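Undergrad: Below you will find the structure I want to go over with you.
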Amino acid sequence: MKTTRFQTPRRPVKKPSNNLKDPVGVYCRVRPLTSEDTECCVELISNTTIQLHPPDGIKVNRNGEFKEMQYSFKEVFGAFTTQKELFNVVARPLVEDLIHGKNGLLFTYGVTGSGKTHTMTGSPGDGGLLPRCLDMIFCSIGPFQAKRFVFKPDDKNAMEVQGDVDALLERQKRDAQSSTIPKTLSSRHKMDPEFADMITVPEHCKAEGVDEDSVYSLFVSYIEIYNNYLYDLLEEIPQDPIKPKWNSNSTPVRNVEFIPPQSKILREDSNHNMYVAGCMEVEVKSTEEAFEVFWKGQKKRRIANTTLNRESSRSHSVFIIKLAQAPLDADGDNVLQAKDQTIVSQLSLVDLAGSERTNRTKAEGSRLRETGNINQSLMTLRTCIEVLRENQMYGTNKMVPYRDSKLTHLFKNYFDGEGKVRMIVCVNPKADDYEETLLVMRFAEMTQEVEVARPVDKPICGLTPGRRYRNQAFKEELTRRLELRGGPIYGEDPSDAEALLQSFVSLPSVEITDPNDEQTLPRLIECLEQRYKIRQLAAEEMKKTVNAIRGMLHDWDNKFTAKENYIQDQQEKLLEKDRFINGQKAETERLEKKVKTLEYKIEILQKTANIYEEDKRALQHELEERDQKLHRELSDKRRLEQRMQGVMTDTKMKWEKECERRVQAKQLEMQNKLWVKDEKLKQLKAIVAEARTERPEKLERAPKENDKKVHVRSASPPSVPNAPPVRLRHRRSRSAGGERWVDHKPVGSVETDTVLQPHIPNAITVAVPNEKALAKCDKYILTHQELASDGEIETKLIKGDVYKTRGGGQAVQFTDVEKLKQETPGSTRKRRSSQSAPPQQEETTESEWTDVETRCSVAVEMKAGSNFGPGYQHHAQPKRRKP
């Protein structure tokens, strides 16, 4: 009995706003063949097609034959393809989409040792896709990066925008707690020589169309999926001297610095996107800093030495690049703190572990468990892709088993939501990996048929574009004008006040020691007068400056008033435009509703039309079946009629023969009786003649004029002395009406030269019937000869009609049989009276005439094949005697 497993009801997935879909881009990269391998099973046919050759010893078909298979991709990269060429074709469009606020997924797939990690990371002196993506991002957003901690992750897969003061406090707080934060690469810090060559990319490329009125911040995170568990590779685990540590054998170890990290869980954010809860996101400001964070996590990734690969990845690694961007305010100075205007895009670079077979890797223990989990997760990925393909191609609604694996569950939103998905299939051309490569090719071919919703453009901020550079130009111009006016406007500089005080004449000594002193007071009065004049000049200069400032402020006030009026006019225009846009939106919504209604009606009409079409096809099919049945019935009826006609003809001939046989028997009986009577009369005449004469002679009766004409159809005329020769005559055949006959005379047929034999003009005489002769004629006659019971040759003419069949052939239906028989006159049994009697005198008496008249009262005709002795047959009724 099948048990039903109840699952937690899923929330409705947010459908993409657009209906445009793009297929998953699948590319193929063939690694070079090593010097140890001699046999190659992969051949490049073109820049989009490769061909697999089965190596020796592998039977693809059951009959043992080898089969070469071809597979097509979006593009195929050969063994000499550089990392730059691969990046420009595959990864560069994903980076451009990331800067424009769109998500992307790029993962490498293939058997172990096929070059997946090399494609993603690269080698010293030749960086892979990951460092090139980072370099392109920072080259594009470098001048527009925000200060640290302006963007702050909220631990819910979103970003918060902080002010300058909060960001400054956050920086001071993090600097104080630098021990808990991963060390980032400063500008003065020297790069690690282990990866310095990988990030040195001489060809700096930039994305086009970068928004200059926005600020950007880049965050990176690095996780791995090991034995179907999620681990954060950037997480710092503090050492706890009290709690014991555990090694791979599940035994406590105290003097070890490394503690296994705790597995993370997957959650879904408000936009129905999956993310790793509690995953550390590090803000980076340069390519070197970002790659150092990646390299730090790369050292923690689980790799092992196997039989097939010296550094085989035992887990799936996911490097997530998250770009946050927000527009500047109207003045172009500060970041606009509006959450709905903050755009967060994400690019995931996935290095999948290679599929492998345990009988080849000889894995045991923990390695065997790792291999099983890797193969299981890849099998789940294949199953999800296959169900997605089936749902999209055949319109089914099967549930995709994303939750069966952490790998597929993490990337669920890419296949169900929006974004670009691209896959690089890495192939090792050596012959030992043929079977695994064949499975990889089948999976890649199936993946190309899956479609993902095309990412849509994010809404643009309604502020004036170009405000960043206008604000900078305004500040520069203001600074220049202030410098021309002699200093700042607001207040005097302390140095200027000191200069003014120093310009005053110093006061002389006012001490009076002598009452007659007349110089001290005049000198003091003169000094004070000079100081007063300087003060008056300063006051006048101050008044002039104040008046100038007042005039400038008045001008600014007028300009500001004009700008306010202009802004009010623009606001009114904007309000009018908003009202117009709202009206257009309402009209658009109304039209969309109308379109949906019409589409629904069209769909109903289409379904109705489909139903009618199906009914029409069913009725047409039924009508055709009935027509065929009717044609078959008519054909059967015609054949039955022909068969009945033949039966009737056979029955008629049979009864005609039977009647003829009975008539012949009756005629023979009457003839025998007549002969008996004739013999008795002859004997009586002889007795009477003997009484008259001693030697009566038999008188031969001369034929009378009223005797019936005798027709002889024998092959040879009777041997009557002085008899006239018989002229052969041909009886007119039934085919004389213009029909053509096939005269079938087998080899060995004897010419009978029978009197009144059938004559068929324009006949095609053949020894063996053939299709060509039958196609030209309408009638058929077969000459059949055999020996009769009396030893004479009996000829049968079997006649028939020629019909055309449906298959294009000819058929013959026999309708009549005609018999011709040849008889020898000498074999006819005939009774004669007094054979040895001498010839009688030629006398004619009344009794003899009476006898002859009696004998000739019936007209006879000789016919070949009659059962009479001499070949006579009654042909008329007896004549009535005259009274």
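Ligands are numbered from 1 in the order shown, chains are lettered A, B, ... in the order of the structure tokens, and residues start at 1 in each chain.
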Do a neighbour search on Ser270 (chain A) at 9 Å with only C-alpha atoms, toss out local chain neighbours closer than 2 positions, and write the hits as a PyMOL selection string.
TA: chain A and resi 156-157+268+272-273
Undergrad: Dump C-alpha atoms for the selected residues as a PDB file, in the first residue's frame?
TA:
```pdb
ATOM      1  CA  LYS A 156      17.122  39.029   5.575  1.00  0.00           C
ATOM      2  CA  ASN A 157      18.744  39.072   2.147  1.00  0.00           C
ATOM      3  CA  GLU A 268      13.120  32.463   1.782  1.00  0.00           C
ATOM      4  CA  HIS A 272      10.588  34.502  -2.572  1.00  0.00           C
ATOM      5  CA  ASN A 273      14.340  34.242  -3.150  1.00  0.00           C
TER       6      ASN A 273
END
```
Undergrad: Excluding region 440-450 of chain A and its own-chain neighbours fewer than 4 positions away, which residues fall within 6 Å of it when counting only C-alpha atoms? Please give them as a ChimeraX atom specification.
TA: /A:23-24,389
Undergrad: Could you name the residues that touch Asp155 (chain A) at 12 Å or less, counting only C-alpha atoms, but leaving out those on the same chain fewer than 2 positions away, as a list in words?
TA: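 What passes the distance filter is Lys152, Pro153, Asn157, Ala158, Met159, Glu160, Arg267, Glu268, Asp269, Tyr275, Val276, Ala277, Gly278, Cys279, Met280 and Glu281 of chain A.
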Undergrad: Generate a file of the selected residues that holds all heavy atoms, formatted as a compact mmCIF listing (two decimals), in the first residue's frame.
TA:
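result_25.txt, freshly written:
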```txt
# COMPACT_ATOMS: atom_id res chain seq x y z
N LYS A 152 24.23 48.39 4.57
CA LYS A 152 24.37 47.44 5.67
C LYS A 152 23.39 46.28 5.45
O LYS A 152 22.19 46.52 5.30
CB LYS A 152 24.09 48.12 7.00
CG LYS A 152 24.22 47.19 8.20
CD LYS A 152 23.88 47.92 9.48
CE LYS A 152 23.94 46.97 10.68
NZ LYS A 152 23.58 47.67 11.95
N PRO A 153 23.87 45.02 5.41
CA PRO A 153 22.94 43.88 5.29
C PRO A 153 22.03 43.79 6.51
O PRO A 153 22.47 44.02 7.64
CB PRO A 153 23.87 42.67 5.18
CG PRO A 153 25.19 43.22 4.76
CD PRO A 153 25.28 44.59 5.37
N ASN A 157 18.45 39.03 3.58
CA ASN A 157 18.74 39.07 2.15
C ASN A 157 18.35 40.41 1.52
O ASN A 157 17.97 40.47 0.35
CB ASN A 157 18.04 37.93 1.41
CG ASN A 157 18.72 37.57 0.10
OD1 ASN A 157 19.93 37.74 -0.04
ND2 ASN A 157 17.96 37.08 -0.86
N ALA A 158 18.46 41.49 2.30
CA ALA A 158 18.18 42.83 1.79
C ALA A 158 19.23 43.78 2.34
O ALA A 158 20.09 43.40 3.14
CB ALA A 158 16.77 43.28 2.17
N MET A 159 19.18 45.05 1.91
CA MET A 159 20.16 46.05 2.30
C MET A 159 19.46 47.27 2.88
O MET A 159 18.39 47.68 2.41
CB MET A 159 21.01 46.47 1.08
CG MET A 159 21.95 45.41 0.57
SD MET A 159 23.31 45.13 1.70
CE MET A 159 24.09 43.71 0.91
N GLU A 160 20.11 47.84 3.91
CA GLU A 160 19.66 49.08 4.50
C GLU A 160 20.67 50.18 4.15
O GLU A 160 21.87 49.94 4.12
CB GLU A 160 19.55 48.96 6.02
CG GLU A 160 18.49 47.96 6.48
CD GLU A 160 18.45 47.85 7.99
OE1 GLU A 160 19.33 48.45 8.64
OE2 GLU A 160 17.54 47.16 8.51
N ARG A 267 16.61 29.84 3.88
CA ARG A 267 15.36 30.54 4.13
C ARG A 267 14.93 31.28 2.87
O ARG A 267 15.70 31.44 1.92
CB ARG A 267 15.51 31.51 5.30
CG ARG A 267 15.64 30.82 6.65
CD ARG A 267 15.71 31.81 7.78
NE ARG A 267 15.83 31.13 9.08
CZ ARG A 267 16.01 31.75 10.23
NH1 ARG A 267 16.12 33.07 10.27
NH2 ARG A 267 16.10 31.06 11.35
N GLU A 268 13.70 31.75 2.92
CA GLU A 268 13.12 32.46 1.78
C GLU A 268 12.78 33.89 2.21
O GLU A 268 12.16 34.10 3.25
CB GLU A 268 11.86 31.73 1.30
CG GLU A 268 11.31 32.25 -0.01
CD GLU A 268 10.14 31.41 -0.51
OE1 GLU A 268 9.74 30.48 0.22
OE2 GLU A 268 9.64 31.70 -1.60
N ASP A 269 13.22 34.87 1.40
CA ASP A 269 12.98 36.26 1.77
C ASP A 269 11.61 36.73 1.28
O ASP A 269 10.80 35.93 0.79
CB ASP A 269 14.10 37.13 1.21
CG ASP A 269 14.16 37.09 -0.32
OD1 ASP A 269 13.28 36.44 -0.93
OD2 ASP A 269 15.07 37.68 -0.90
N TYR A 275 18.06 32.16 0.35
CA TYR A 275 19.35 32.65 0.81
C TYR A 275 19.78 31.83 2.02
O TYR A 275 18.97 31.14 2.66
CB TYR A 275 19.29 34.13 1.17
CG TYR A 275 18.48 34.45 2.41
CD1 TYR A 275 19.11 34.67 3.63
CD2 TYR A 275 17.09 34.54 2.37
CE1 TYR A 275 18.39 34.96 4.77
CE2 TYR A 275 16.37 34.83 3.50
CZ TYR A 275 17.01 35.04 4.71
OH TYR A 275 16.29 35.32 5.84
N VAL A 276 21.08 31.88 2.32
CA VAL A 276 21.65 31.15 3.44
C VAL A 276 21.58 32.05 4.67
O VAL A 276 22.22 33.12 4.71
CB VAL A 276 23.10 30.73 3.13
CG1 VAL A 276 23.68 29.95 4.31
CG2 VAL A 276 23.15 29.92 1.86
N ALA A 277 20.79 31.66 5.63
CA ALA A 277 20.62 32.47 6.84
C ALA A 277 21.91 32.45 7.66
O ALA A 277 22.52 31.39 7.86
CB ALA A 277 19.45 31.95 7.66
N GLY A 278 22.32 33.63 8.14
CA GLY A 278 23.51 33.73 8.97
C GLY A 278 24.82 33.68 8.21
O GLY A 278 25.88 33.57 8.83
N CYS A 279 24.77 33.75 6.91
CA CYS A 279 25.99 33.71 6.11
C CYS A 279 26.69 35.07 6.17
O CYS A 279 26.05 36.12 6.08
CB CYS A 279 25.67 33.34 4.67
SG CYS A 279 27.10 33.25 3.59
N MET A 280 27.98 35.05 6.31
CA MET A 280 28.76 36.28 6.44
C MET A 280 28.93 36.93 5.07
O MET A 280 29.37 36.30 4.11
CB MET A 280 30.11 35.97 7.05
CG MET A 280 30.85 37.18 7.53
SD MET A 280 32.26 36.71 8.51
CE MET A 280 32.78 38.31 9.10
N GLU A 281 28.58 38.24 4.99
CA GLU A 281 28.73 39.02 3.78
C GLU A 281 29.75 40.12 4.05
O GLU A 281 29.52 41.01 4.87
CB GLU A 281 27.39 39.63 3.35
CG GLU A 281 26.36 38.59 2.98
CD GLU A 281 25.02 39.18 2.57
OE1 GLU A 281 24.89 40.43 2.62
OE2 GLU A 281 24.12 38.42 2.22
```
Undergrad: When you draw a straight line from CA of Gly417 (chain A) to CA of Asp340 (chain A), how long is it in Å?
TA: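 We find that CA of Gly417 (chain A) and CA of Asp340 (chain A) lie 19.6 Å from each other.
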Undergrad: Please compute the CA of Leu44 (chain A)-CA of Asp126 (chain A) distance, one decimal, in Å.
TA: 24.2 Å
Undergrad: Could you jot down the CA of Cys41 (chain A) to CA of Leu381 (chain A) separation for me, Å, one decimal place?
TA: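 Separating CA of Cys41 (chain A) from CA of Leu381 (chain A) is a distance of 25.9 Å.
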Undergrad: Would you mind telling me which residue in A:Ser348, A:Leu438, A:Lys420, A:Gly163 lies nearest to Tyr71 (chain A) when using only C-alpha atoms?
TA: A:Leu438
Undergrad: From the list A:Val76, A:Val387, A:Leu598, A:Ile343, which residue is nearest Gly101 (chain A) when using only C-alpha atoms?
TA: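 Once distances to Gly101 (chain A) are computed over only C-alpha atoms, the minimum belongs to A:Ile343.
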Undergrad: For Gln51 (chain A), list every protein, DNA or RNA residue within 7 Å, evaluated using only C-alpha atoms, and leave out those in the same chain fewer than 3 positions away; present the list as number ranges by chain.
TA: A: 42-45, 68-71
